[in-house]
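Student: Handing you a structure now.
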Amino acid sequence: MKDIDAIAALQDPVRRRLYEYVVAQGREVGRNEAAEAAGVARTLAAHHLDRLTEAGLLASGSRRLSGRSGPGAGRPAKVYTRAAGEHSVSLPARDYRTAAELLAEAAEEAGLDAGLCAAARRRGEALRGAAAPCGGLDEALEVLAARGYEPHLEGAGLAEGAAGAAAGGVVRMRNCPFHAVAERFPPLVCGMNLALLQGLLGVDGPVRARMDARPGECCVVVEASKNNDD
């Protein structure tokens, strides 16, 4: 029931906007910033942010937002980030995670990494269908967002938004849809994830997917293909 209660907490439109804003930043967010982004008063934002924390959707802490320390730096402010836990609801109850972990364990013990990656690439190609390989990083952002990866652009071109993606930025992803299983079987599942995205985005187009693991993010990044830099 806790998962149902957590998801039900997002039914309120203001609360949902606040949650989506905090999650999209990938960093700690203060009450004033969240309130401004959601277009509501600070007191209302504080109420909803605390409700999201109680529901286990956000985690809260405190720090000085001014960046200064010592006398005159001001009091620490309450800040929020996405909580580490996952929430899912299935009625009637299903346990696909256990099945996925058992299959991953068996595949790892049998040395089936290559076969799994081949199957993952075929699945990515099937998901792409008859469409051409991804046409650029701006298109990749849309494709990855639709698959739940929560992509964001880093590096050159960032100030220009998605339209400036071709200026040499790298697309990183704040969410791994396979996180729970990847934690237990990282080489196997991360390799599968890379192959899936290679099939989904294409390997002969203007973008490429490659491994570049960073704590708290998906192990795969997407960037302009080397042969498209000139």
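So you can find residues: chains in the structure tokens are A, B, ... in the order shown, residues in each start at 1, and ligands are numbered from 1 in order.
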Please identify every residue of range 89-154 of chain A that has at least one atom no farther than 7 Å from an atom of range 187-199 of chain A, counting only C-alpha atoms, and for each give the shortest atom pair and the distance in Å to one decimal, arranged by chain then increasing number, as a tab-separated table.

Tutor:
```
residue	atom	partner	partner_atom	distance
A:Glu108	CA	A:Leu188	CA	6.8
A:Asp113	CA	A:Leu188	CA	6.1
A:Leu116	CA	A:Met192	CA	6.4
A:Cys117	CA	A:Met192	CA	4.8
A:Ala120	CA	A:Leu196	CA	4.6
A:Arg121	CA	A:Gly199	CA	4.5
A:Arg122	CA	A:Gly199	CA	6.3
A:Arg123	CA	A:Leu196	CA	6.5
A:Gly124	CA	A:Gly199	CA	4.1
A:Glu125	CA	A:Gly199	CA	4.4
```

Student: List the neighbours of Arg210 in chain A out to 9 Å using only C-alpha atoms; skip same-chain residues closer than 3 positions along the sequence, and give me the result as number ranges by chain.

Tutor: A: 194, 198, 219-223

Student: From the set A:Gln25, A:Thr81, A:Thr43, A:Asn32, which residue has the shortest atom-to-atom contact distance to Ser60 in chain A, counting only C-alpha atoms?

Tutor: A:Thr81

Student: So, with only C-alpha atoms as the atoms that count, which of A:Tyr96, A:Tyr80, A:Tyr149, A:Tyr19 lies closest to Arg31 in chain A?

Tutor: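 Smallest separation from Arg31 in chain A among the options: A:Tyr80.
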
Student: What's around Thr98 in chain A at 12 Å? Count only C-alpha atoms, leave out sequence neighbours fewer than 6 positions away in its own chain, and write the answer as a list in words.

Tutor: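 Near neighbours after the sequence-gap exclusion: Ala104, Glu105, Ala180, Val181 and Arg184 of chain A.
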
Student: So how many Å separate CA of Asp95 in chain A and CA of Gly148 in chain A, to one decimal?

Tutor: 20.1 Å

Student: Between CA of Glu54 in chain A and CA of Ala35 in chain A, what is the spacing in Å?

Tutor: 18.3 Å

Student: Pick out each residue of range 42-135 of chain A that DSSP on the backbone tags as alpha helix (DSSP H); I need them as a count of residues only.

Tutor: 43

Student: Can you list, as a VMD selection string, all residues belonging to chain A that DSSP tags as strand (DSSP E or B)?

Tutor: chain A and resid 29 to 30 58 to 63 77 to 82 151 to 154 170 to 173 207 to 211 220 to 224

Student: Restricting the calculation to only C-alpha atoms: of A:Ala46, A:Leu52, A:Ala41, A:Ala140, which residue gets closest to Val23 in chain A?

Tutor: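 Closest residue, counting only C-alpha atoms: A:Leu52.
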
Student: Using only C-alpha atoms, pick whichever of A:Val14, A:Val29, A:Val170, A:Leu103 has the shortest atom-to-atom distance to Leu44 in chain A.

Tutor: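 Of A:Val14, A:Val29, A:Val170, A:Leu103, the one nearest Leu44 in chain A, counting only C-alpha atoms, is A:Val14.
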
Student: Just give me the gap between CA of Cys176 in chain A and CA of Ala34 in chain A in Å, one decimal is fine.

Tutor: 24.5 Å

Student: Which one is closest to His47 in chain A: A:Leu91, A:Ala107, A:Leu18, A:Leu153? Count only C-alpha atoms.

Tutor: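 With only C-alpha atoms as the atom set, the closest residue is A:Leu18.
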
Student: Go through A:Leu144, A:Ala119, A:Val203, A:Leu57 and flag the residue nearest Ala224 in chain A, using only C-alpha atoms for the distances.

Tutor: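 Smallest separation from Ala224 in chain A among the options: A:Val203.
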
Student: What's around range 2-12 of chain A at 7 Å? Count only C-alpha atoms, leave out sequence neighbours fewer than 5 positions away in its own chain, and write the answer as JSON, numbers by chain.

Tutor: {"A": [52, 55, 56, 57, 87, 88, 89]}

Student: Using only C-alpha atoms, determine which residues lie at most 12 Å from Glu142 in chain A, disregarding the query and same-chain residues fewer than 5 positions distant; provide the list as a PDB file with C-alpha atoms, in the first residue's frame.

Tutor:
```
ATOM      1  CA  CYS A 134      18.653   8.968 -35.056  1.00  0.00           C
ATOM      2  CA  GLY A 135      19.337  12.227 -36.904  1.00  0.00           C
ATOM      3  CA  GLY A 136      21.169  14.101 -34.145  1.00  0.00           C
ATOM      4  CA  LEU A 137      21.431  14.732 -30.425  1.00  0.00           C
ATOM      5  CA  ARG A 147      11.911   5.574 -22.983  1.00  0.00           C
ATOM      6  CA  GLY A 148      12.210   7.000 -19.443  1.00  0.00           C
ATOM      7  CA  TYR A 149      15.966   7.704 -19.392  1.00  0.00           C
ATOM      8  CA  GLU A 150      15.548  11.358 -18.314  1.00  0.00           C
ATOM      9  CA  PRO A 151      18.245  12.669 -20.685  1.00  0.00           C
ATOM     10  CA  HIS A 152      19.934  16.042 -20.378  1.00  0.00           C
ATOM     11  CA  LEU A 153      22.562  17.781 -22.465  1.00  0.00           C
ATOM     12  CA  ALA A 162      18.158  21.121 -27.763  1.00  0.00           C
ATOM     13  CA  ALA A 163      18.645  23.074 -30.984  1.00  0.00           C
ATOM     14  CA  ALA A 165      22.910  19.862 -29.359  1.00  0.00           C
ATOM     15  CA  VAL A 171      23.670  13.486 -23.629  1.00  0.00           C
ATOM     16  CA  LEU A 201      19.473   5.039 -32.086  1.00  0.00           C
TER      17      LEU A 201
END
```
